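J.: Take a look at data-v3.pdb, PDB, C-alpha atoms:
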ATOM      1  CA  MET P   1       4.910 -42.740 -15.884
ATOM      2  CA  PRO P   2       3.306 -39.715 -14.144
ATOM      3  CA  ALA P   3       4.144 -36.263 -15.500
ATOM      4  CA  ALA P   4       6.588 -34.139 -13.470
ATOM      5  CA  LYS P   5       4.890 -31.747 -11.092
ATOM      6  CA  LYS P   6       4.964 -28.154 -12.274
ATOM      7  CA  ALA P   7       6.319 -25.393 -10.092
ATOM      8  CA  PRO P   8       3.764 -22.837  -8.841
ATOM      9  CA  ALA P   9       2.964 -19.834 -11.002
ATOM     10  CA  ILE P  10       5.012 -16.720 -10.214
ATOM     11  CA  SER P  11       4.920 -12.986 -10.863
ATOM     12  CA  VAL P  12       8.256 -11.334 -11.659
ATOM     13  CA  ILE P  13       8.213  -7.604 -10.908
ATOM     14  CA  ILE P  14      10.814  -5.199 -12.320
ATOM     15  CA  PRO P  15      10.917  -1.442 -11.521
ATOM     16  CA  VAL P  16      12.345   0.396 -14.516
ATOM     17  CA  LEU P  17      13.794   3.890 -14.953
ATOM     18  CA  ASN P  18      16.473   5.011 -17.444
ATOM     19  CA  GLU P  19      17.652   1.477 -18.202
ATOM     20  CA  GLN P  20      17.907   1.406 -21.984
ATOM     21  CA  ASN P  21      21.306  -0.301 -21.813
ATOM     22  CA  HIS P  22      20.237  -3.108 -19.473
ATOM     23  CA  LEU P  23      16.479  -3.686 -19.670
ATOM     24  CA  ALA P  24      16.395  -6.153 -22.572
ATOM     25  CA  ALA P  25      19.128  -8.304 -21.038
ATOM     26  CA  ALA P  26      17.373  -8.315 -17.650
ATOM     27  CA  VAL P  27      14.008  -9.327 -19.130
ATOM     28  CA  ASN P  28      15.529 -11.960 -21.407
ATOM     29  CA  SER P  29      17.456 -13.453 -18.486
ATOM     30  CA  VAL P  30      14.096 -14.018 -16.780
ATOM     31  CA  LEU P  31      12.175 -15.346 -19.774
ATOM     32  CA  SER P  32      15.011 -17.676 -20.796
ATOM     33  CA  GLN P  33      14.901 -19.465 -17.423
ATOM     34  CA  LYS P  34      13.783 -23.088 -17.645
ATOM     35  CA  TYR P  35      11.024 -22.605 -15.110
ATOM     36  CA  SER P  36       8.440 -25.367 -15.062
ATOM     37  CA  GLY P  37       5.553 -23.169 -13.965
ATOM     38  CA  GLU P  38       3.699 -20.185 -15.380
ATOM     39  CA  ILE P  39       5.493 -16.818 -15.431
ATOM     40  CA  GLU P  40       4.234 -13.292 -15.808
ATOM     41  CA  VAL P  41       6.635 -10.336 -15.965
ATOM     42  CA  LEU P  42       5.423  -6.923 -14.833
ATOM     43  CA  LEU P  43       7.516  -3.900 -15.832
ATOM     44  CA  ALA P  44       6.747  -0.842 -13.695
ATOM     45  CA  LEU P  45       7.782   1.982 -16.027
ATOM     46  CA  GLY P  46       8.866   5.332 -14.644
ATOM     47  CA  PRO P  47       9.246   8.560 -16.666
ATOM     48  CA  SER P  48      12.551   7.607 -18.289
ATOM     49  CA  ARG P  49      14.557  10.221 -20.159
ATOM     50  CA  ASP P  50      16.038   7.739 -22.621
ATOM     51  CA  ASN P  51      14.583   5.007 -24.884
ATOM     52  CA  THR P  52      13.733   2.647 -22.003
ATOM     53  CA  ASN P  53       9.957   2.756 -22.398
ATOM     54  CA  GLN P  54      10.150   2.205 -26.152
ATOM     55  CA  ILE P  55      12.312  -0.864 -25.555
ATOM     56  CA  ALA P  56       9.825  -2.084 -22.939
ATOM     57  CA  ALA P  57       6.951  -1.705 -25.413
ATOM     58  CA  GLU P  58       8.838  -3.729 -28.021
ATOM     59  CA  LEU P  59       9.580  -6.466 -25.485
ATOM     60  CA  ALA P  60       5.910  -6.637 -24.441
ATOM     61  CA  LYS P  61       4.792  -6.813 -28.056
ATOM     62  CA  ALA P  62       7.137  -9.741 -28.682
ATOM     63  CA  ASP P  63       6.113 -11.754 -25.606
ATOM     64  CA  LYS P  64       2.600 -11.844 -24.140
ATOM     65  CA  ARG P  65       3.945 -12.831 -20.716
ATOM     66  CA  ILE P  66       5.122  -9.225 -20.271
ATOM     67  CA  ARG P  67       2.769  -6.563 -18.918
ATOM     68  CA  LEU P  68       3.542  -2.854 -18.684
ATOM     69  CA  ILE P  69       2.532  -0.841 -15.612
ATOM     70  CA  ASP P  70       2.667   2.934 -15.400
ATOM     71  CA  ASN P  71       4.714   4.418 -12.539
ATOM     72  CA  PRO P  72       4.536   8.169 -13.191
ATOM     73  CA  ARG P  73       6.366   9.107  -9.969
ATOM     74  CA  GLY P  74       9.327   6.956 -10.965
ATOM     75  CA  LEU P  75      10.073   5.835  -7.401
ATOM     76  CA  THR P  76      11.180   2.223  -7.038
ATOM     77  CA  THR P  77       8.981   1.500  -4.024
ATOM     78  CA  VAL P  78       5.891   2.955  -5.686
ATOM     79  CA  GLY P  79       6.468   0.897  -8.817
ATOM     80  CA  LEU P  80       7.067  -2.278  -6.817
ATOM     81  CA  ASN P  81       3.901  -1.852  -4.766
ATOM     82  CA  GLU P  82       1.795  -1.237  -7.856
ATOM     83  CA  ALA P  83       3.305  -4.288  -9.555
ATOM     84  CA  VAL P  84       2.511  -6.412  -6.495
ATOM     85  CA  ARG P  85      -1.073  -5.125  -6.477
ATOM     86  CA  GLN P  86      -1.526  -6.035 -10.132
ATOM     87  CA  SER P  87       0.258  -9.382  -9.916
ATOM     88  CA  LYS P  88      -1.811 -12.527 -10.441
ATOM     89  CA  HIS P  89       0.177 -15.079  -8.472
ATOM     90  CA  SER P  90       0.995 -15.885  -4.843
ATOM     91  CA  ILE P  91       4.778 -15.919  -5.247
ATOM     92  CA  ILE P  92       6.557 -12.673  -6.167
ATOM     93  CA  VAL P  93      10.073 -12.461  -7.573
ATOM     94  CA  ARG P  94      11.749  -9.063  -7.612
ATOM     95  CA  ILE P  95      14.350  -8.416 -10.304
ATOM     96  CA  ASP P  96      15.975  -5.061 -11.064
ATOM     97  CA  ALA P  97      16.584  -3.831 -14.587
ATOM     98  CA  HIS P  98      20.291  -3.593 -13.691
ATOM     99  CA  SER P  99      20.504  -7.304 -12.888
ATOM    100  CA  GLU P 100      20.282 -10.745 -14.492
ATOM    101  CA  PRO P 101      19.365 -13.905 -12.542
ATOM    102  CA  ALA P 102      21.625 -16.907 -13.123
ATOM    103  CA  ALA P 103      20.293 -20.073 -14.751
ATOM    104  CA  GLY P 104      18.013 -21.973 -12.383
ATOM    105  CA  TYR P 105      17.391 -18.959 -10.159
ATOM    106  CA  LEU P 106      13.599 -19.114 -10.426
ATOM    107  CA  GLU P 107      13.186 -22.899 -10.148
ATOM    108  CA  ASN P 108      15.668 -23.305  -7.297
ATOM    109  CA  GLY P 109      14.537 -20.140  -5.545
ATOM    110  CA  VAL P 110      10.871 -21.095  -5.431
ATOM    111  CA  ARG P 111      11.823 -24.607  -4.267
ATOM    112  CA  ILE P 112      13.950 -23.240  -1.409
ATOM    113  CA  LEU P 113      11.295 -20.668  -0.440
ATOM    114  CA  LEU P 114       8.709 -23.415  -0.066
ATOM    115  CA  ASP P 115      11.050 -25.965   1.531
ATOM    116  CA  LYS P 116      12.168 -23.496   4.228
ATOM    117  CA  LYS P 117       8.658 -22.081   4.660
ATOM    118  CA  ALA P 118      10.243 -18.655   4.279
ATOM    119  CA  ASP P 119       8.441 -15.374   3.656
ATOM    120  CA  LEU P 120      11.441 -13.790   1.922
ATOM    121  CA  LEU P 121      14.415 -15.461   0.265
ATOM    122  CA  GLY P 122      17.541 -13.885  -1.189
ATOM    123  CA  GLY P 123      20.823 -14.993  -2.721
ATOM    124  CA  ILE P 124      24.133 -13.479  -3.778
ATOM    125  CA  MET P 125      24.552 -10.177  -5.595
ATOM    126  CA  ASP P 126      27.147 -11.337  -8.132
ATOM    127  CA  ALA P 127      28.630  -7.981  -9.176
ATOM    128  CA  LYS P 128      30.412  -7.901 -12.530
ATOM    129  CA  GLY P 129      31.875  -5.278 -14.841
ATOM    130  CA  THR P 130      32.988  -4.666 -18.389
ATOM    131  CA  SER P 131      35.225  -1.570 -18.155
ATOM    132  CA  SER P 132      38.279  -1.399 -15.901
ATOM    133  CA  PHE P 133      36.486   1.001 -13.546
ATOM    134  CA  GLN P 134      33.301  -1.066 -13.383
ATOM    135  CA  LYS P 135      35.332  -4.225 -12.666
ATOM    136  CA  ALA P 136      37.036  -2.404  -9.790
ATOM    137  CA  VAL P 137      33.659  -1.383  -8.387
ATOM    138  CA  ALA P 138      32.385  -4.950  -8.794
ATOM    139  CA  TRP P 139      35.408  -6.235  -6.832
ATOM    140  CA  ALA P 140      34.606  -3.760  -4.053
ATOM    141  CA  TYR P 141      31.011  -5.018  -3.932
ATOM    142  CA  THR P 142      32.206  -8.569  -3.266
ATOM    143  CA  SER P 143      34.848  -7.648  -0.669
ATOM    144  CA  ARG P 144      34.366  -7.173   3.075
ATOM    145  CA  PHE P 145      36.652  -4.151   2.746
ATOM    146  CA  GLY P 146      34.588  -2.634  -0.028
ATOM    147  CA  ILE P 147      30.946  -2.582   0.999
ATOM    148  CA  GLY P 148      30.829  -4.633   4.196
ATOM    149  CA  GLY P 149      30.241  -8.236   5.144
ATOM    150  CA  ALA P 150      26.586  -8.869   4.314
ATOM    151  CA  LYS P 151      26.095 -12.436   3.108
ATOM    152  CA  PHE P 152      24.480 -11.358  -0.140
ATOM    153  CA  HIS P 153      27.707  -9.535  -1.006
ATOM    154  CA  VAL P 154      30.413 -11.939   0.177
ATOM    155  CA  GLY P 155      28.558 -15.250   0.461
ATOM    156  CA  GLY P 156      28.348 -17.637   3.380
ATOM    157  CA  GLU P 157      26.311 -20.530   4.690
ATOM    158  CA  GLU P 158      22.569 -20.639   4.194
ATOM    159  CA  GLY P 159      20.449 -19.491   7.077
ATOM    160  CA  GLN P 160      18.368 -16.696   8.540
ATOM    161  CA  ALA P 161      19.406 -13.303   7.197
ATOM    162  CA  GLU P 162      19.311  -9.637   8.128
ATOM    163  CA  SER P 163      17.948  -8.714   4.716
ATOM    164  CA  ALA P 164      17.818 -10.041   1.164
ATOM    165  CA  TYR P 165      19.044  -8.844  -2.207
ATOM    166  CA  LEU P 166      16.019  -8.316  -4.495
ATOM    167  CA  GLY P 167      14.057 -11.243  -3.054
ATOM    168  CA  ILE P 168      11.588 -14.024  -3.720
ATOM    169  CA  PHE P 169       8.476 -13.437  -1.594
ATOM    170  CA  GLN P 170       5.280 -14.953  -0.444
ATOM    171  CA  LYS P 171       2.812 -12.355  -1.661
ATOM    172  CA  SER P 172       0.904 -12.800   1.585
ATOM    173  CA  ALA P 173       3.949 -11.552   3.538
ATOM    174  CA  LEU P 174       4.103  -8.375   1.456
ATOM    175  CA  GLU P 175       0.404  -7.786   1.975
ATOM    176  CA  ARG P 176       0.694  -8.520   5.698
ATOM    177  CA  VAL P 177       3.188  -5.682   6.252
ATOM    178  CA  GLY P 178       1.628  -3.249   3.778
ATOM    179  CA  GLY P 179       4.260  -3.658   1.051
ATOM    180  CA  TYR P 180       7.265  -1.394   0.594
ATOM    181  CA  ASP P 181       7.454   1.903   2.455
ATOM    182  CA  GLU P 182       6.949   4.458  -0.318
ATOM    183  CA  THR P 183       8.659   7.203   1.684
ATOM    184  CA  ILE P 184      11.984   5.343   1.310
ATOM    185  CA  VAL P 185      14.081   5.793  -1.828
ATOM    186  CA  ARG P 186      17.058   3.575  -0.932
ATOM    187  CA  GLY P 187      17.329   0.805   1.655
ATOM    188  CA  GLU P 188      13.720  -0.244   1.090
ATOM    189  CA  ASP P 189      14.694  -3.926   0.964
ATOM    190  CA  TRP P 190      16.281  -3.768   4.440
ATOM    191  CA  ASP P 191      13.297  -1.926   5.894
ATOM    192  CA  LEU P 192      10.864  -4.438   4.389
ATOM    193  CA  ALA P 193      12.845  -7.389   5.771
ATOM    194  CA  GLN P 194      12.792  -5.896   9.274
ATOM    195  CA  ARG P 195       9.031  -5.443   9.174
ATOM    196  CA  ILE P 196       8.478  -8.990   7.882
ATOM    197  CA  LYS P 197      10.611 -10.386  10.713
ATOM    198  CA  LYS P 198       8.715  -8.340  13.297
ATOM    199  CA  THR P 199       5.538 -10.169  12.260
ATOM    200  CA  GLY P 200       7.248 -13.536  12.835
ATOM    201  CA  GLY P 201       8.184 -14.044   9.185
ATOM    202  CA  LEU P 202      11.330 -15.883   8.121
ATOM    203  CA  VAL P 203      13.961 -14.119   5.985
ATOM    204  CA  TRP P 204      16.353 -16.682   4.496
ATOM    205  CA  PHE P 205      19.662 -16.543   2.605
ATOM    206  CA  SER P 206      20.839 -19.208   0.156
ATOM    207  CA  PRO P 207      24.264 -19.065  -1.566
ATOM    208  CA  GLU P 208      22.791 -21.376  -4.200
ATOM    209  CA  LEU P 209      21.059 -18.377  -5.758
ATOM    210  CA  LYS P 210      22.979 -15.773  -7.737
ATOM    211  CA  VAL P 211      21.958 -12.648  -9.616
ATOM    212  CA  THR P 212      24.426 -10.780 -11.816
ATOM    213  CA  TYR P 213      24.497  -7.087 -10.913
ATOM    214  CA  TRP P 214      26.061  -4.420 -13.111
ATOM    215  CA  PRO P 215      27.308  -1.596 -10.843
ATOM    216  CA  ARG P 216      27.708   2.030 -11.884
ATOM    217  CA  GLY P 217      30.458   2.369 -14.464
ATOM    218  CA  THR P 218      31.525   5.995 -14.000
ATOM    219  CA  TRP P 219      32.878   7.959 -11.055
ATOM    220  CA  SER P 220      30.048  10.502 -11.228
ATOM    221  CA  LYS P 221      27.268   7.901 -11.109
ATOM    222  CA  LEU P 222      29.044   5.886  -8.417
ATOM    223  CA  SER P 223      29.511   8.889  -6.141
ATOM    224  CA  LYS P 224      25.866   9.971  -6.599
ATOM    225  CA  GLN P 225      24.632   6.453  -5.875
ATOM    226  CA  PHE P 226      26.669   6.029  -2.689
ATOM    227  CA  LEU P 227      25.906   9.516  -1.426
ATOM    228  CA  SER P 228      22.187   8.780  -1.802
ATOM    229  CA  THR P 229      22.626   5.316  -0.267
ATOM    230  CA  GLY P 230      24.505   6.778   2.686
ATOM    231  CA  ILE P 231      21.889   9.459   3.287
ATOM    232  CA  TRP P 232      19.097   6.912   3.359
ATOM    233  CA  ARG P 233      21.106   4.479   5.480
ATOM    234  CA  GLY P 234      21.708   7.243   8.014
ATOM    235  CA  ASP P 235      18.007   8.104   8.083
ATOM    236  CA  LEU P 236      16.964   4.446   8.453
ATOM    237  CA  THR P 237      19.541   3.912  11.205
ATOM    238  CA  ARG P 238      18.126   6.879  13.101
ATOM    239  CA  ARG P 239      14.612   5.452  12.726
ATOM    240  CA  ASN P 240      15.580   1.912  13.772
ATOM    241  CA  ALA P 241      18.932   2.010  15.550
ATOM    242  CA  SER P 242      18.457  -1.369  17.244
ATOM    243  CA  GLY P 243      17.989  -3.140  13.918
ATOM    244  CA  ALA P 244      21.006  -1.559  12.190
ATOM    245  CA  SER P 245      24.259  -3.456  11.833
ATOM    246  CA  LEU P 246      27.421  -1.986  13.374
ATOM    247  CA  ARG P 247      29.109  -2.166   9.960
ATOM    248  CA  TYR P 248      26.879   0.706   8.805
ATOM    249  CA  TRP P 249      28.843   2.966  11.141
ATOM    250  CA  ILE P 250      32.297   2.204   9.683
ATOM    251  CA  PRO P 251      32.240   4.732   6.771
ATOM    252  CA  PRO P 252      30.797   7.605   8.883
ATOM    253  CA  VAL P 253      33.344   6.938  11.634
ATOM    254  CA  LEU P 254      36.071   6.981   8.970
ATOM    255  CA  VAL P 255      34.806  10.333   7.685
ATOM    256  CA  GLY P 256      34.741  11.693  11.229
ATOM    257  CA  ALA P 257      38.278  10.480  11.981
ATOM    258  CA  VAL P 258      39.733  11.958   8.789
ATOM    259  CA  ALA P 259      37.894  15.270   9.327
ATOM    260  CA  MET P 260      39.178  15.474  12.901
ATOM    261  CA  GLY P 261      42.664  14.672  11.681
ATOM    262  CA  PHE P 262      42.596  17.505   9.169
ATOM    263  CA  TYR P 263      41.359  19.819  11.922
ATOM    264  CA  TRP P 264      44.392  18.944  14.047
ATOM    265  CA  LEU P 265      46.678  19.246  11.024
ATOM    266  CA  ALA P 266      45.345  22.756  10.344
ATOM    267  CA  ALA P 267      46.092  23.553  13.981
ATOM    268  CA  GLY P 268      49.721  22.612  13.420
ATOM    269  CA  GLN P 269      49.631  19.087  14.860
ATOM    270  CA  TRP P 270      51.468  16.775  12.428
ATOM    271  CA  PHE P 271      49.745  13.620  13.716
ATOM    272  CA  GLY P 272      46.508  14.913  12.219
ATOM    273  CA  ILE P 273      47.603  13.398   8.911
ATOM    274  CA  LEU P 274      47.600   9.881  10.364
ATOM    275  CA  PRO P 275      43.912   8.907   9.858
ATOM    276  CA  ALA P 276      43.979   9.801   6.159
ATOM    277  CA  ALA P 277      47.457   8.344   5.655
ATOM    278  CA  VAL P 278      46.631   5.033   7.323
ATOM    279  CA  TYR P 279      43.403   4.749   5.333
ATOM    280  CA  LEU P 280      45.088   5.495   1.997
ATOM    281  CA  LEU P 281      47.875   3.024   2.744
ATOM    282  CA  GLY P 282      45.209   0.412   3.438
ATOM    283  CA  VAL P 283      43.483   1.169   0.132
ATOM    284  CA  ALA P 284      46.832   0.945  -1.686
ATOM    285  CA  PHE P 285      47.507  -2.439  -0.068
ATOM    286  CA  LEU P 286      44.081  -3.752  -1.089
ATOM    287  CA  ALA P 287      44.531  -2.491  -4.650
ATOM    288  CA  SER P 288      47.969  -4.095  -4.950
ATOM    289  CA  THR P 289      46.772  -7.465  -3.654
ATOM    290  CA  ALA P 290      43.292  -7.617  -5.252
ATOM    291  CA  GLN P 291      42.793 -10.926  -7.004
ATOM    292  CA  ASN P 292      41.605 -11.327 -10.601
ATOM    293  CA  LEU P 293      41.960  -7.651 -11.495
ATOM    294  CA  SER P 294      44.047  -6.140 -14.276
ATOM    295  CA  LEU P 295      46.559  -3.385 -13.568
ATOM    296  CA  LYS P 296      44.069  -0.796 -14.893
ATOM    297  CA  SER P 297      41.330  -2.077 -12.582
ATOM    298  CA  ARG P 298      43.697  -2.034  -9.599
ATOM    299  CA  VAL P 299      44.488   1.599 -10.330
ATOM    300  CA  ALA P 300      40.761   2.273 -10.677
ATOM    301  CA  LEU P 301      40.246   0.637  -7.283
ATOM    302  CA  LEU P 302      42.363   3.421  -5.751
ATOM    303  CA  ILE P 303      39.587   5.778  -6.858
ATOM    304  CA  ALA P 304      36.544   3.538  -6.465
ATOM    305  CA  LEU P 305      37.069   2.513  -2.829
ATOM    306  CA  PRO P 306      37.491   6.033  -1.379
ATOM    307  CA  THR P 307      34.584   7.231  -3.517
ATOM    308  CA  MET P 308      32.304   4.530  -2.107
ATOM    309  CA  HIS P 309      33.465   4.908   1.503
ATOM    310  CA  PHE P 310      33.489   8.700   1.727
ATOM    311  CA  SER P 311      30.301   9.251  -0.304
ATOM    312  CA  TRP P 312      28.492   6.773   1.936
ATOM    313  CA  GLY P 313      30.038   8.179   5.131
ATOM    314  CA  ILE P 314      29.265  11.816   4.348
ATOM    315  CA  GLY P 315      25.774  10.878   3.246
ATOM    316  CA  PHE P 316      25.201   8.850   6.410
ATOM    317  CA  TRP P 317      25.830  11.837   8.676
ATOM    318  CA  ARG P 318      23.590  13.988   6.472
ATOM    319  CA  GLY P 319      20.732  11.478   6.711
ATOM    320  CA  TYR P 320      21.257  10.691  10.393
ATOM    321  CA  PHE P 321      21.063  14.298  11.558
ATOM    322  CA  PHE P 322      18.806  15.894   8.951
ATOM    323  CA  SER P 323      16.758  12.974   7.477
ATOM    324  CA  ALA P 324      16.661  11.910   3.840
ATOM    325  CA  PHE P 325      13.505  13.813   2.930
ATOM    326  CA  GLY P 326      13.572  14.835  -0.733
ATOM    327  CA  ILE P 327      16.765  12.882  -1.552
ATOM    328  CA  VAL P 328      16.436  10.909  -4.800
ATOM    329  CA  ASP P 329      19.145   8.813  -6.452
ATOM    330  CA  LYS P 330      19.760  10.269  -9.910
ATOM    331  CA  SER P 331      22.770   8.086 -10.747
ATOM    332  CA  ARG P 332      20.883   6.091 -13.378
ATOM    333  CA  VAL P 333      19.872   9.052 -15.513
ATOM    334  CA  SER P 334      21.205   8.381 -19.009
ATOM    335  CA  LYS P 335      23.253  11.076 -20.683
TER     336      LYS P 335
END
As structure tokens, how would this structure be written, given the file I've shared?

T.:
Amino acid sequence: MPAAKKAPAISVIIPVLNEQNHLAAAVNSVLSQKYSGEIEVLLALGPSRDNTNQIAAELAKADKRIRLIDNPRGLTTVGLNEAVRQSKHSIIVRIDAHSEPAAGYLENGVRILLDKKADLLGGIMDAKGTSSFQKAVAWAYTSRFGIGGAKFHVGGEEGQAESAYLGIFQKSALERVGGYDETIVRGEDWDLAQRIKKTGGLVWFSPELKVTYWPRGTWSKLSKQFLSTGIWRGDLTRRNASGASLRYWIPPVLVGAVAMGFYWLAAGQWFGILPAAVYLLGVAFLASTAQNLSLKSRVALLIALPTMHFSWGIGFWRGYFFSAFGIVDKSRVSK
């Protein structure tokens, strides 16, 4: 009986900065996959302020499939590009240190990539939490009312996609478009997908693929993350308005409506309270009807949703009018 055909060799690239609490789990979730081909794991290490790099060194010492790459600037896009340059194989799998691919992710992902003749493939960001607040944030990530209706958040049928979460790539596609844009701090995956599609490449979504994502677990880190995300989304929308989804405008329009309402309220017009009141009533309704959440998480949702929406919306206007130059997401700094 002929031996089963092995899957092609792959390079898994992971940008790492201040991830002492998640790095080992992320790496182990990759190495524990029952992938039939050869795997190398490249950790692009930024200047972490915690014990991340020590943990990375211990992981590399324990498993020769792990290689450490220096990323002194600490920027995700810079680390990813350097990891791609040093990768040995023609298929690239991006994993973040804050995420864990589900069983079968690598085997099924590479199979789908090749079957569909895609340049970039992505699956579902399966957000999860441990604390009541983090579970509320995770619920918001998977709801159309929380972070929008992108397939990689809420699921859907397989097919061509606007972008991809993390991604499984043909290395040739990355090289064809010059890799990630190193001037972008957040939203680099969306920008890369647009450039791949402009060259005739196929970006594909499959609900068969899932990656566990651990969102920010404190209000401070969540607000910093979404402010930075909003700023960069505003900047990218200004650069490529035709490629931006209309849903990106919902939080900034909300911010504008509430600000205008407060202006009218200050001028003595009682109806100025309506935008904020209607929004808060909507948030209260969502929190009271949210499925699979404890009472504590539903209360936390009353804080998490406005934090995400208003941080994003305020940031969007900042980035749209003034650009995102110099804006770096510091929400992962360990303290």

J.: Could you give me, as a ChimeraX atom specification, the residues that have an atom at most 6 Å away from the point (8.6, -17.4, -0.3) in the coordinates of the file, using only C-alpha atoms?

T.: /P:113,118-120,168-170

J.: Keeping C-alpha atoms, export the residues of the selection given above as a PDB file, keeping the file's coordinate frame.

T.:
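Wrote again_24.pdb, looks like this:
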ATOM      1  CA  LEU P 113      11.295 -20.668  -0.440  1.00  0.00           C
ATOM      2  CA  ALA P 118      10.243 -18.655   4.279  1.00  0.00           C
ATOM      3  CA  ASP P 119       8.441 -15.374   3.656  1.00  0.00           C
ATOM      4  CA  LEU P 120      11.441 -13.790   1.922  1.00  0.00           C
ATOM      5  CA  ILE P 168      11.588 -14.024  -3.720  1.00  0.00           C
ATOM      6  CA  PHE P 169       8.476 -13.437  -1.594  1.00  0.00           C
ATOM      7  CA  GLN P 170       5.280 -14.953  -0.444  1.00  0.00           C
TER       8      GLN P 170
END

J.: Please work out which residues fall within 10 Å of (12.9, 6.4, -1.0), coordinates as given in the file, with only C-alpha atoms counting, and return them as an mmCIF file with C-alpha atoms, in the coordinates of the input.

T.:
data_model
loop_
_atom_site.group_PDB
_atom_site.id
_atom_site.type_symbol
_atom_site.label_atom_id
_atom_site.label_comp_id
_atom_site.auth_asym_id
_atom_site.auth_seq_id
_atom_site.Cartn_x
_atom_site.Cartn_y
_atom_site.Cartn_z
ATOM 1 C CA LEU P 75 10.073 5.835 -7.401
ATOM 2 C CA THR P 76 11.180 2.223 -7.038
ATOM 3 C CA THR P 77 8.981 1.500 -4.024
ATOM 4 C CA VAL P 78 5.891 2.955 -5.686
ATOM 5 C CA TYR P 180 7.265 -1.394 0.594
ATOM 6 C CA ASP P 181 7.454 1.903 2.455
ATOM 7 C CA GLU P 182 6.949 4.458 -0.318
ATOM 8 C CA THR P 183 8.659 7.203 1.684
ATOM 9 C CA ILE P 184 11.984 5.343 1.310
ATOM 10 C CA VAL P 185 14.081 5.793 -1.828
ATOM 11 C CA ARG P 186 17.058 3.575 -0.932
ATOM 12 C CA GLY P 187 17.329 0.805 1.655
ATOM 13 C CA GLU P 188 13.720 -0.244 1.090
ATOM 14 C CA SER P 228 22.187 8.780 -1.802
ATOM 15 C CA THR P 229 22.626 5.316 -0.267
ATOM 16 C CA TRP P 232 19.097 6.912 3.359
ATOM 17 C CA ALA P 324 16.661 11.910 3.840
ATOM 18 C CA PHE P 325 13.505 13.813 2.930
ATOM 19 C CA GLY P 326 13.572 14.835 -0.733
ATOM 20 C CA ILE P 327 16.765 12.882 -1.552
ATOM 21 C CA VAL P 328 16.436 10.909 -4.800
ATOM 22 C CA ASP P 329 19.145 8.813 -6.452
#

J.: Can you list what the PyMOL selection byres ((chain P and resi 280-290) around 8) grabs from this structure, as number ranges by chain?

T.: P: 276-279, 291-293, 298-299, 301-302, 305-306

J.: What does the structure give for the distance between CA of Ile39 in chain P and CA of Ala9 in chain P, in Å to one decimal?

T.: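 That distance, rounded to one decimal, is 5.9 Å.
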
J.: So which one's closest to Ser223 in chain P, P:Ala25, P:Leu17, P:Val41, P:Ala304? Using all atoms listed in the file, please.

T.: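 Using all atoms listed in the file, Ser223 in chain P sits closest to P:Ala304.
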
J.: Counting all atoms listed in the file, figure out which residue out of P:Ile69, P:Met308, P:Val253, P:Ala7 gets nearest to Lys34 in chain P.

T.: P:Ala7

J.: Which of these, P:Phe262, P:Trp204, P:Phe322, P:Trp219, has the shortest distance to Leu121 in chain P once you count only C-alpha atoms?

T.: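 When distances to Leu121 in chain P are compared using only C-alpha atoms, the smallest one comes from P:Trp204.
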
J.: Extract, using all atoms listed in the file, all DNA, RNA and protein residues at most 10 Å from Gly243 in chain P, discarding same-chain residues fewer than 3 positions from it, and format them as a PyMOL selection string.

T.: chain P and resi 162+190-191+194+236-237+239-240+246

J.: Convert the output of the PyMOL selection byres ((chain P and resi 167) around 6) on the shown file into explicit residues, formatted as a PyMOL selection string.

T.: chain P and resi 94+121-122+164-166+168
